[in-house]
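Have a look at model.cif below; it lists mmCIF, C-alpha atoms.
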```
data_input
loop_
_atom_site.group_PDB
_atom_site.id
_atom_site.type_symbol
_atom_site.label_atom_id
_atom_site.label_comp_id
_atom_site.auth_asym_id
_atom_site.auth_seq_id
_atom_site.Cartn_x
_atom_site.Cartn_y
_atom_site.Cartn_z
ATOM 1 C CA MET A 1 36.619 5.534 -3.232
ATOM 2 C CA LYS A 2 35.800 6.648 -6.767
ATOM 3 C CA LYS A 3 32.353 8.166 -7.048
ATOM 4 C CA LYS A 4 29.779 6.884 -9.516
ATOM 5 C CA GLN A 5 28.793 9.230 -12.311
ATOM 6 C CA THR A 6 25.036 9.836 -12.181
ATOM 7 C CA LEU A 7 23.151 11.693 -14.900
ATOM 8 C CA VAL A 8 19.666 13.043 -14.189
ATOM 9 C CA THR A 9 17.363 14.158 -17.004
ATOM 10 C CA GLY A 10 14.550 16.556 -16.152
ATOM 11 C CA ALA A 11 16.474 17.657 -13.068
ATOM 12 C CA SER A 12 14.987 21.168 -13.073
ATOM 13 C CA GLY A 13 11.453 19.909 -12.482
ATOM 14 C CA PHE A 14 9.447 19.399 -9.293
ATOM 15 C CA VAL A 15 10.755 15.913 -8.498
ATOM 16 C CA GLY A 16 14.298 16.829 -9.555
ATOM 17 C CA SER A 17 14.390 19.525 -6.882
ATOM 18 C CA TYR A 18 13.993 16.764 -4.280
ATOM 19 C CA LEU A 19 15.995 14.045 -6.042
ATOM 20 C CA LEU A 20 19.222 16.013 -6.491
ATOM 21 C CA PRO A 21 19.664 16.857 -2.770
ATOM 22 C CA ALA A 22 18.770 13.257 -1.855
ATOM 23 C CA LEU A 23 21.426 11.887 -4.216
ATOM 24 C CA GLU A 24 23.995 14.401 -2.954
ATOM 25 C CA ALA A 25 23.218 13.482 0.666
ATOM 26 C CA GLN A 26 24.165 9.885 -0.072
ATOM 27 C CA GLY A 27 27.651 11.056 -1.068
ATOM 28 C CA GLU A 28 28.212 8.152 -3.442
ATOM 29 C CA SER A 29 27.758 9.899 -6.784
ATOM 30 C CA GLN A 30 28.958 12.857 -8.754
ATOM 31 C CA ILE A 31 25.696 14.324 -10.013
ATOM 32 C CA HIS A 32 25.281 15.708 -13.536
ATOM 33 C CA CYS A 33 22.156 17.364 -14.944
ATOM 34 C CA PHE A 34 21.253 16.693 -18.574
ATOM 35 C CA GLN A 35 21.684 19.818 -20.689
ATOM 36 C CA GLY A 36 19.563 20.505 -23.762
ATOM 37 C CA ASP A 37 16.632 18.922 -25.586
ATOM 38 C CA ILE A 38 16.117 15.199 -24.984
ATOM 39 C CA ARG A 39 14.497 14.987 -28.440
ATOM 40 C CA ASP A 40 17.786 15.822 -30.167
ATOM 41 C CA ARG A 41 19.955 12.736 -30.669
ATOM 42 C CA LYS A 42 23.193 14.677 -31.035
ATOM 43 C CA THR A 43 22.518 16.522 -27.780
ATOM 44 C CA VAL A 44 21.774 13.262 -25.983
ATOM 45 C CA LEU A 45 24.945 11.627 -27.253
ATOM 46 C CA LYS A 46 27.035 14.702 -26.327
ATOM 47 C CA ASN A 47 25.755 14.584 -22.732
ATOM 48 C CA LEU A 48 26.476 10.870 -22.447
ATOM 49 C CA GLU A 49 29.950 11.089 -23.944
ATOM 50 C CA GLU A 50 30.872 13.915 -21.565
ATOM 51 C CA VAL A 51 29.488 12.313 -18.389
ATOM 52 C CA LYS A 52 30.063 8.600 -19.144
ATOM 53 C CA PRO A 53 27.360 7.754 -16.615
ATOM 54 C CA ASP A 54 27.243 4.675 -14.426
ATOM 55 C CA THR A 55 23.637 5.540 -13.541
ATOM 56 C CA VAL A 56 20.940 7.507 -15.365
ATOM 57 C CA VAL A 57 17.690 8.661 -13.767
ATOM 58 C CA HIS A 58 15.325 9.561 -16.597
ATOM 59 C CA LEU A 59 12.800 12.071 -15.239
ATOM 60 C CA ALA A 60 12.464 14.279 -18.335
ATOM 61 C CA ALA A 61 8.905 14.168 -19.661
ATOM 62 C CA GLN A 62 5.867 16.148 -20.701
ATOM 63 C CA ALA A 63 3.827 15.137 -17.654
ATOM 64 C CA PHE A 64 0.693 17.312 -17.676
ATOM 65 C CA VAL A 65 -2.294 15.343 -18.988
ATOM 66 C CA PRO A 66 -4.305 18.309 -20.392
ATOM 67 C CA ILE A 67 -1.286 19.343 -22.487
ATOM 68 C CA ALA A 68 -0.896 15.753 -23.692
ATOM 69 C CA ILE A 69 -4.533 15.722 -24.778
ATOM 70 C CA GLU A 70 -4.109 19.052 -26.563
ATOM 71 C CA ASN A 71 -0.766 18.168 -28.174
ATOM 72 C CA PRO A 72 -0.212 14.380 -28.265
ATOM 73 C CA TRP A 73 2.492 14.717 -30.957
ATOM 74 C CA GLU A 74 4.820 16.772 -28.787
ATOM 75 C CA THR A 75 4.136 14.482 -25.819
ATOM 76 C CA GLU A 76 5.108 11.465 -27.925
ATOM 77 C CA GLU A 77 8.286 13.173 -29.196
ATOM 78 C CA ILE A 78 9.454 13.995 -25.663
ATOM 79 C CA ASN A 79 8.275 10.959 -23.725
ATOM 80 C CA VAL A 80 8.827 8.208 -26.291
ATOM 81 C CA GLY A 81 11.382 9.658 -28.706
ATOM 82 C CA GLY A 82 13.463 11.152 -25.903
ATOM 83 C CA THR A 83 13.557 7.845 -24.048
ATOM 84 C CA LEU A 84 14.536 5.940 -27.191
ATOM 85 C CA ASN A 85 17.312 8.478 -27.879
ATOM 86 C CA LEU A 86 18.669 7.889 -24.390
ATOM 87 C CA LEU A 87 18.487 4.085 -24.509
ATOM 88 C CA GLU A 88 20.008 3.686 -27.967
ATOM 89 C CA SER A 89 22.759 6.226 -27.321
ATOM 90 C CA LEU A 90 23.692 4.494 -24.062
ATOM 91 C CA HIS A 91 23.687 1.130 -25.831
ATOM 92 C CA ARG A 92 26.025 2.451 -28.539
ATOM 93 C CA LEU A 93 28.459 3.774 -25.938
ATOM 94 C CA GLN A 94 29.039 0.135 -24.943
ATOM 95 C CA ARG A 95 29.583 0.948 -21.272
ATOM 96 C CA PRO A 96 27.744 -0.682 -18.351
ATOM 97 C CA CYS A 97 24.981 1.620 -17.107
ATOM 98 C CA LYS A 98 21.933 1.294 -14.856
ATOM 99 C CA ILE A 99 18.921 3.315 -15.974
ATOM 100 C CA LEU A 100 15.935 4.145 -13.801
ATOM 101 C CA TYR A 101 13.054 5.038 -16.080
ATOM 102 C CA ILE A 102 10.333 7.074 -14.380
ATOM 103 C CA SER A 103 7.062 5.917 -15.895
ATOM 104 C CA SER A 104 3.646 6.547 -14.319
ATOM 105 C CA ALA A 105 0.784 4.691 -12.677
ATOM 106 C CA ASP A 106 -1.361 6.337 -15.365
ATOM 107 C CA VAL A 107 -0.397 3.449 -17.654
ATOM 108 C CA TYR A 108 -2.829 1.190 -15.753
ATOM 109 C CA GLY A 109 -5.761 3.276 -16.957
ATOM 110 C CA LYS A 110 -9.192 1.696 -16.625
ATOM 111 C CA GLN A 111 -9.189 -1.606 -14.774
ATOM 112 C CA ASN A 112 -11.703 -3.951 -13.195
ATOM 113 C CA LEU A 113 -12.270 -2.120 -9.907
ATOM 114 C CA SER A 114 -12.952 -5.356 -8.045
ATOM 115 C CA LEU A 115 -9.285 -6.334 -8.633
ATOM 116 C CA LEU A 116 -7.720 -3.299 -6.951
ATOM 117 C CA PRO A 117 -5.122 -2.491 -5.658
ATOM 118 C CA LEU A 118 -3.209 -2.105 -8.912
ATOM 119 C CA LYS A 119 -0.356 -4.581 -9.244
ATOM 120 C CA GLU A 120 2.630 -4.500 -11.581
ATOM 121 C CA SER A 121 1.347 -7.695 -13.215
ATOM 122 C CA PHE A 122 -1.874 -6.028 -14.458
ATOM 123 C CA LEU A 123 -2.249 -5.488 -18.195
ATOM 124 C CA PRO A 124 -1.999 -1.708 -18.780
ATOM 125 C CA ASN A 125 -4.978 0.053 -20.338
ATOM 126 C CA PRO A 126 -4.034 3.740 -20.813
ATOM 127 C CA VAL A 127 -6.850 6.237 -21.398
ATOM 128 C CA ASN A 128 -4.982 9.402 -22.455
ATOM 129 C CA PRO A 129 -1.987 10.316 -24.647
ATOM 130 C CA TYR A 130 0.290 10.923 -21.654
ATOM 131 C CA ALA A 131 -0.323 7.434 -20.285
ATOM 132 C CA GLY A 132 0.019 5.934 -23.773
ATOM 133 C CA SER A 133 3.369 7.648 -24.271
ATOM 134 C CA LYS A 134 4.652 6.358 -20.936
ATOM 135 C CA LEU A 135 3.625 2.805 -21.775
ATOM 136 C CA ALA A 136 5.291 3.034 -25.194
ATOM 137 C CA ALA A 137 8.507 4.234 -23.547
ATOM 138 C CA GLU A 138 8.264 1.367 -21.050
ATOM 139 C CA SER A 139 8.187 -1.093 -23.935
ATOM 140 C CA TYR A 140 11.502 0.287 -25.221
ATOM 141 C CA CYS A 141 12.967 0.076 -21.716
ATOM 142 C CA ARG A 142 12.004 -3.576 -21.386
ATOM 143 C CA GLN A 143 13.327 -4.271 -24.883
ATOM 144 C CA TYR A 144 16.734 -2.776 -24.117
ATOM 145 C CA ALA A 145 16.871 -4.528 -20.748
ATOM 146 C CA GLN A 146 16.804 -7.818 -22.675
ATOM 147 C CA TYR A 147 18.582 -6.744 -25.851
ATOM 148 C CA SER A 148 21.566 -4.715 -24.673
ATOM 149 C CA PRO A 149 24.458 -6.433 -22.892
ATOM 150 C CA TYR A 150 25.455 -3.065 -21.403
ATOM 151 C CA LEU A 151 22.205 -1.760 -19.925
ATOM 152 C CA SER A 152 20.323 -2.562 -16.747
ATOM 153 C CA VAL A 153 16.915 -0.878 -17.039
ATOM 154 C CA VAL A 154 14.503 -0.574 -14.095
ATOM 155 C CA ILE A 155 10.999 0.881 -14.478
ATOM 156 C CA ALA A 156 9.325 2.891 -11.696
ATOM 157 C CA ARG A 157 5.586 3.543 -11.752
ATOM 158 C CA PRO A 158 4.985 6.373 -9.281
ATOM 159 C CA PHE A 159 1.397 7.150 -8.318
ATOM 160 C CA ASN A 160 0.264 10.710 -7.511
ATOM 161 C CA HIS A 161 2.911 12.625 -5.605
ATOM 162 C CA ILE A 162 2.622 16.029 -4.013
ATOM 163 C CA GLY A 163 4.756 18.466 -2.053
ATOM 164 C CA ILE A 164 6.043 22.006 -1.800
ATOM 165 C CA GLY A 165 7.178 23.310 -5.189
ATOM 166 C CA GLN A 166 4.704 21.537 -7.460
ATOM 167 C CA ARG A 167 3.383 23.682 -10.305
ATOM 168 C CA LYS A 168 0.057 25.344 -9.604
ATOM 169 C CA GLU A 169 -1.791 23.739 -12.506
ATOM 170 C CA PHE A 170 -1.637 20.418 -10.632
ATOM 171 C CA VAL A 171 -4.628 19.549 -8.475
ATOM 172 C CA ILE A 172 -3.432 20.079 -4.877
ATOM 173 C CA PRO A 173 -1.495 23.350 -5.330
ATOM 174 C CA ASN A 174 -4.352 24.565 -7.523
ATOM 175 C CA PHE A 175 -6.919 23.892 -4.814
ATOM 176 C CA CYS A 176 -4.643 25.474 -2.197
ATOM 177 C CA SER A 177 -4.148 28.614 -4.254
ATOM 178 C CA GLN A 178 -7.869 29.025 -4.859
ATOM 179 C CA ILE A 179 -8.736 28.452 -1.185
ATOM 180 C CA ILE A 180 -6.076 30.891 0.030
ATOM 181 C CA GLU A 181 -7.219 33.518 -2.479
ATOM 182 C CA ALA A 182 -10.840 33.018 -1.378
ATOM 183 C CA LYS A 183 -9.926 33.256 2.309
ATOM 184 C CA HIS A 184 -8.044 36.532 1.949
ATOM 185 C CA SER A 185 -10.423 38.161 -0.527
ATOM 186 C CA GLY A 186 -13.674 37.325 1.239
ATOM 187 C CA LYS A 187 -14.896 34.928 -1.452
ATOM 188 C CA SER A 188 -16.703 31.733 -0.491
ATOM 189 C CA THR A 189 -16.357 29.543 -3.602
ATOM 190 C CA ILE A 190 -13.646 27.801 -5.600
ATOM 191 C CA ALA A 191 -13.828 25.994 -8.970
ATOM 192 C CA VAL A 192 -13.375 22.219 -8.995
ATOM 193 C CA GLY A 193 -13.721 19.291 -11.351
ATOM 194 C CA ASP A 194 -15.124 15.864 -10.490
ATOM 195 C CA LEU A 195 -14.423 15.310 -6.795
ATOM 196 C CA GLU A 196 -15.516 11.680 -6.584
ATOM 197 C CA PRO A 197 -12.523 9.832 -8.147
ATOM 198 C CA THR A 198 -10.056 8.331 -5.678
ATOM 199 C CA ARG A 199 -6.284 8.503 -5.984
ATOM 200 C CA ASP A 200 -3.203 7.201 -4.186
ATOM 201 C CA PHE A 201 -1.231 10.237 -2.982
ATOM 202 C CA SER A 202 2.300 10.241 -1.530
ATOM 203 C CA HIS A 203 4.719 12.901 -0.355
ATOM 204 C CA VAL A 204 7.280 13.536 -3.086
ATOM 205 C CA GLU A 205 10.059 12.697 -0.600
ATOM 206 C CA ASP A 206 8.641 9.176 -0.244
ATOM 207 C CA ILE A 207 8.581 8.835 -4.031
ATOM 208 C CA VAL A 208 12.211 9.975 -4.239
ATOM 209 C CA SER A 209 13.119 7.502 -1.497
ATOM 210 C CA GLY A 210 11.614 4.833 -3.753
ATOM 211 C CA TYR A 211 13.812 5.971 -6.634
ATOM 212 C CA LEU A 212 16.927 5.707 -4.481
ATOM 213 C CA THR A 213 15.895 2.200 -3.422
ATOM 214 C CA LEU A 214 15.446 1.161 -7.053
ATOM 215 C CA ILE A 215 18.779 2.653 -8.120
ATOM 216 C CA GLU A 216 20.430 0.488 -5.502
ATOM 217 C CA LYS A 217 18.301 -2.671 -5.528
ATOM 218 C CA GLY A 218 15.917 -2.660 -8.492
ATOM 219 C CA GLU A 219 16.266 -5.571 -10.933
ATOM 220 C CA SER A 220 16.706 -4.994 -14.654
ATOM 221 C CA GLY A 221 13.552 -5.451 -16.701
ATOM 222 C CA GLU A 222 11.334 -5.230 -13.619
ATOM 223 C CA ILE A 223 8.529 -2.758 -12.888
ATOM 224 C CA TYR A 224 7.903 -1.322 -9.411
ATOM 225 C CA ASN A 225 4.910 0.644 -8.111
ATOM 226 C CA ILE A 226 5.771 3.539 -5.799
ATOM 227 C CA CYS A 227 2.692 4.477 -3.796
ATOM 228 C CA SER A 228 1.152 4.692 -0.335
ATOM 229 C CA GLY A 229 -1.190 1.765 -0.907
ATOM 230 C CA GLU A 230 -4.164 3.870 0.265
ATOM 231 C CA GLU A 231 -6.916 5.611 -1.689
ATOM 232 C CA ARG A 232 -8.391 9.012 -0.958
ATOM 233 C CA SER A 233 -11.082 10.834 -2.891
ATOM 234 C CA ILE A 234 -10.362 14.190 -4.459
ATOM 235 C CA ARG A 235 -13.262 15.468 -2.331
ATOM 236 C CA TYR A 236 -11.449 14.389 0.831
ATOM 237 C CA MET A 237 -8.333 16.255 -0.297
ATOM 238 C CA VAL A 238 -10.057 19.548 -1.052
ATOM 239 C CA GLU A 239 -12.164 19.365 2.118
ATOM 240 C CA GLU A 240 -9.008 18.865 4.204
ATOM 241 C CA LEU A 241 -7.379 21.864 2.552
ATOM 242 C CA ALA A 242 -10.495 23.982 3.104
ATOM 243 C CA LYS A 243 -10.367 23.149 6.835
ATOM 244 C CA TYR A 244 -6.913 24.726 7.089
ATOM 245 C CA SER A 245 -8.330 28.044 5.892
ATOM 246 C CA GLY A 246 -10.748 28.263 8.809
ATOM 247 C CA LYS A 247 -13.392 29.520 6.380
ATOM 248 C CA GLU A 248 -16.558 27.989 4.949
ATOM 249 C CA ILE A 249 -15.663 27.219 1.326
ATOM 250 C CA GLN A 250 -18.139 26.025 -1.283
ATOM 251 C CA PHE A 251 -17.042 23.880 -4.249
ATOM 252 C CA VAL A 252 -18.477 24.788 -7.661
ATOM 253 C CA VAL A 253 -18.003 22.283 -10.485
ATOM 254 C CA ASP A 254 -16.430 23.804 -13.599
ATOM 255 C CA ALA A 255 -17.193 21.631 -16.639
ATOM 256 C CA GLU A 256 -13.821 22.517 -18.191
ATOM 257 C CA ARG A 257 -12.077 20.867 -15.233
ATOM 258 C CA VAL A 258 -13.862 17.528 -15.725
ATOM 259 C CA ARG A 259 -11.871 15.024 -17.803
ATOM 260 C CA ALA A 260 -13.980 12.906 -20.141
ATOM 261 C CA SER A 261 -11.915 9.723 -19.698
ATOM 262 C CA GLU A 262 -11.237 9.974 -15.973
ATOM 263 C CA THR A 263 -10.411 6.771 -14.119
ATOM 264 C CA SER A 264 -12.777 6.616 -11.156
ATOM 265 C CA LYS A 265 -10.743 4.653 -8.606
ATOM 266 C CA VAL A 266 -6.961 4.313 -8.247
ATOM 267 C CA TYR A 267 -4.692 2.889 -5.601
ATOM 268 C CA GLY A 268 -1.673 0.668 -5.811
ATOM 269 C CA ASP A 269 0.020 -2.351 -4.300
ATOM 270 C CA ASN A 270 3.475 -1.349 -3.023
ATOM 271 C CA SER A 271 4.528 -4.761 -1.666
ATOM 272 C CA LYS A 272 7.113 -5.365 -4.403
ATOM 273 C CA LEU A 273 9.001 -2.170 -3.529
ATOM 274 C CA LYS A 274 8.588 -2.800 0.204
ATOM 275 C CA SER A 275 10.296 -6.172 -0.281
ATOM 276 C CA LEU A 276 13.443 -4.173 -1.166
ATOM 277 C CA GLY A 277 13.328 -2.351 2.175
ATOM 278 C CA TRP A 278 11.415 0.812 1.192
ATOM 279 C CA LYS A 279 8.659 2.339 3.292
ATOM 280 C CA ASN A 280 6.685 5.575 3.125
ATOM 281 C CA LYS A 281 7.268 7.951 6.039
ATOM 282 C CA HIS A 282 4.907 10.896 5.548
ATOM 283 C CA SER A 283 1.196 10.974 6.395
ATOM 284 C CA LEU A 284 -1.187 12.542 3.906
ATOM 285 C CA SER A 285 -2.541 15.070 6.407
ATOM 286 C CA GLU A 286 1.008 16.207 7.257
ATOM 287 C CA THR A 287 1.814 16.589 3.570
ATOM 288 C CA LEU A 288 -1.328 18.591 2.772
ATOM 289 C CA LYS A 289 -0.709 20.921 5.740
ATOM 290 C CA GLN A 290 2.892 21.539 4.610
ATOM 291 C CA ILE A 291 1.740 22.530 1.133
ATOM 292 C CA TYR A 292 -1.093 24.745 2.364
ATOM 293 C CA ASP A 293 1.058 26.576 4.919
ATOM 294 C CA HIS A 294 3.840 27.158 2.404
ATOM 295 C CA LEU A 295 1.515 28.537 -0.271
ATOM 296 C CA GLU A 296 -0.292 30.778 2.218
ATOM 297 C CA SER A 297 3.046 32.174 3.408
ATOM 298 C CA GLU A 298 4.001 32.833 -0.224
ATOM 299 C CA PHE A 299 0.663 34.540 -0.837
ATOM 300 C CA LEU A 300 1.027 36.807 2.192
ATOM 301 C CA ARG A 301 4.590 37.728 1.250
ATOM 302 C CA SER A 302 3.470 38.649 -2.253
ATOM 303 C CA LYS A 303 0.756 40.913 -0.854
ATOM 304 C CA GLN A 304 3.297 42.702 1.349
ATOM 305 C CA THR A 305 5.426 43.534 -1.702
ATOM 306 C CA ASP A 306 2.526 44.695 -3.877
#
```
Could you rewrite the structure in this file as structure tokens?
Amino acid sequence: MKKKQTLVTGASGFVGSYLLPALEAQGESQIHCFQGDIRDRKTVLKNLEEVKPDTVVHLAAQAFVPIAIENPWETEEINVGGTLNLLESLHRLQRPCKILYISSADVYGKQNLSLLPLKESFLPNPVNPYAGSKLAAESYCRQYAQYSPYLSVVIARPFNHIGIGQRKEFVIPNFCSQIIEAKHSGKSTIAVGDLEPTRDFSHVEDIVSGYLTLIEKGESGEIYNICSGEERSIRYMVEELAKYSGKEIQFVVDAERVRASETSKVYGDNSKLKSLGWKNKHSLSETLKQIYDHLESEFLRSKQTD
């Protein structure tokens, strides 16, 4: 049986490191990683002409909110311009292709908290340039889903996802690194931001499982939340991580870590994705312990080589 040609943008990132093995394990696709700058139209077209993809998973993005706040222009060029380059170039190739666009639950922004959990039908209300760029890219995806006779475009809205390999500027690996450093240096404090907001956290493998489900079963023009359906406060997360250290750790609020436009309460409705047969398999406590143990092992290995 002839294998499908699958192109993945942003394959070198955190999620890509889990997605590529998951796609390969299925054995149905020949996997190609996008090469070059997604902002360059000629580069995009060259990749597409070489691969002639049947499926595209569009992960490539500037995804760190503080950077988006500092440099909204670059975020827009990558997240919106890059997505438009991909969609229009695929349309001009005039070949059938299914595209999974990886958006973000950040597009929901501030909502009436009495209406939670967040549903795909809610009117988005983004509160930072990253979320705004993702929503703008979504609008192009929905446009091409209706406009192009060649493209099937599915939109995924993943909520917070964590796992081994995430960059240390993100909240959970950052907390872990600080706690581990404090434990092994005799310190008793770590720096935190606002610990009261709640979020919907999933293991990255469950998020990737959602992507595979949408590649197979997602309907063009539709939006799907990928989330656990449960909320946990940031305080709960850092307290759990501190328990693993076996030490008494105090949390000191650093004003620079507090975001001015933070959304106070976030969790999603995953029933639409579940109706396609998806389910999340990892508990939050299991996921946090995996991350902590891995980062502590890394820390100890680094000290042995110093």
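Of note, atom CA of Pro72 of chain A and atom CA of Tyr130 of chain A are spaced 7.5 Å apart.
Remark: for Ala63 of chain A, the closest of the candidate residues A:Ser233, A:Ser177, A:Asn112, A:Asn160 is A:Asn160 (distances computed over all atoms listed in the file).
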> When the PyMOL selection byres ((chain A and resi 103) around 9) is applied to the file above, which residues end up in the set, as a ChimeraX atom specification?
Replying inline: /A:59,101-102,104-107,131,134-135,137-138,155-158
> Which residues fall under the PyMOL selection byres ((chain A and resi 15) around 12) in this file, as an NGL selection string?
Replying inline: :A and (8-14 or 16-22 or 57-61 or 63 or 102 or 158 or 160-167 or 203-209 or 211)
> Which neighbours of Gly221 of chain A fall inside 8 Å, counting all atoms listed in the file, when residues of the same chain fewer than 3 positions from it are skipped, and could you give them as a list in words?
Replying inline: Cys141, Arg142, Ala145, Gln146, Ser152, Val153, Val154 and Ile155 of chain A
Adding 3 Å on each side of the box along x, y and z that holds all listed atoms of segment 147-152 of chain A, could you give its centre and edge lengths in Å to one decimal, as JSON?
```
{"center_x": 22.0, "center_y": -4.3, "center_z": -21.3, "size_x": 12.9, "size_y": 11.0, "size_z": 15.1}
```
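When the PyMOL selection byres ((chain A and resi 98) around 8) is evaluated against the file, it yields Asp54, Thr55, Val56, Pro96, Cys97, Ile99, Leu100, Leu151, Ser152, Val153, Val154 and Ile215 of chain A.
Comparing A:Thr213, A:Thr263, A:Ser188, A:Asn47 by their smallest distance to Pro126 of chain A, the closest is A:Thr263 (using all atoms listed in the file).
Straight-line separation from atom CA of Tyr267 of chain A to atom CA of Asn125 of chain A: 15.0 Å.
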>> Set the distance at 9 Å and use only C-alpha atoms: which residues neighbour Asn270 of chain A once local chain neighbours fewer than 2 positions away are removed? I'd like the list as number ranges by chain.
In response: A: 118-119, 224-229, 268, 272-275, 279
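With atom CA of Leu90 of chain A on one side and atom CA of Val65 of chain A on the other, the separation reads 28.6 Å.
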> Could you pull the residues within 8 Å of Lys265 of chain A, counting all atoms listed in the file, minus those fewer than 6 positions along the same chain, as JSON, numbers by chain?
Replying inline: {"A": [113, 197, 198, 199, 231]}
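Using only C-alpha atoms, the shortest contact distance between Ile31 of chain A and any of A:Lys281, A:Lys46, A:Lys3, A:Lys168 is found at A:Lys3.
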Surrounding residues of segment 244-259 of chain A excluding itself and chain neighbours under 6 positions, 9 Å, all atoms listed in the file, as a CSV table (one decimal) with C-alpha atoms, in the frame of the given file:
```
chain,number,residue,atom,x,y,z
A,66,PRO,CA,-4.3,18.3,-20.4
A,179,ILE,CA,-8.7,28.5,-1.2
A,180,ILE,CA,-6.1,30.9,0.0
A,182,ALA,CA,-10.8,33.0,-1.4
A,183,LYS,CA,-9.9,33.3,2.3
A,187,LYS,CA,-14.9,34.9,-1.5
A,188,SER,CA,-16.7,31.7,-0.5
A,189,THR,CA,-16.4,29.5,-3.6
A,190,ILE,CA,-13.6,27.8,-5.6
A,191,ALA,CA,-13.8,26.0,-9.0
A,192,VAL,CA,-13.4,22.2,-9.0
A,193,GLY,CA,-13.7,19.3,-11.4
A,194,ASP,CA,-15.1,15.9,-10.5
A,195,LEU,CA,-14.4,15.3,-6.8
A,238,VAL,CA,-10.1,19.5,-1.1
A,289,LYS,CA,-0.7,20.9,5.7
A,292,TYR,CA,-1.1,24.7,2.4
A,293,ASP,CA,1.1,26.6,4.9
```
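Distance annotation: of A:Asn79, A:Phe299, A:Phe170, A:Thr6, the residue with the minimal separation from Gly27 of chain A is A:Thr6; atom set is only C-alpha atoms.
Considering the residues A:Leu276, A:Ala25, A:Ile172, A:Ile38 and counting all atoms listed in the file, Ile234 of chain A has its shortest atom-to-atom contact with A:Ile172.
Between Glu222 of chain A and the candidates A:Glu120, A:Glu49, A:Glu24, A:Glu74, the tightest atom-to-atom separation, counting all atoms listed in the file, involves A:Glu120.
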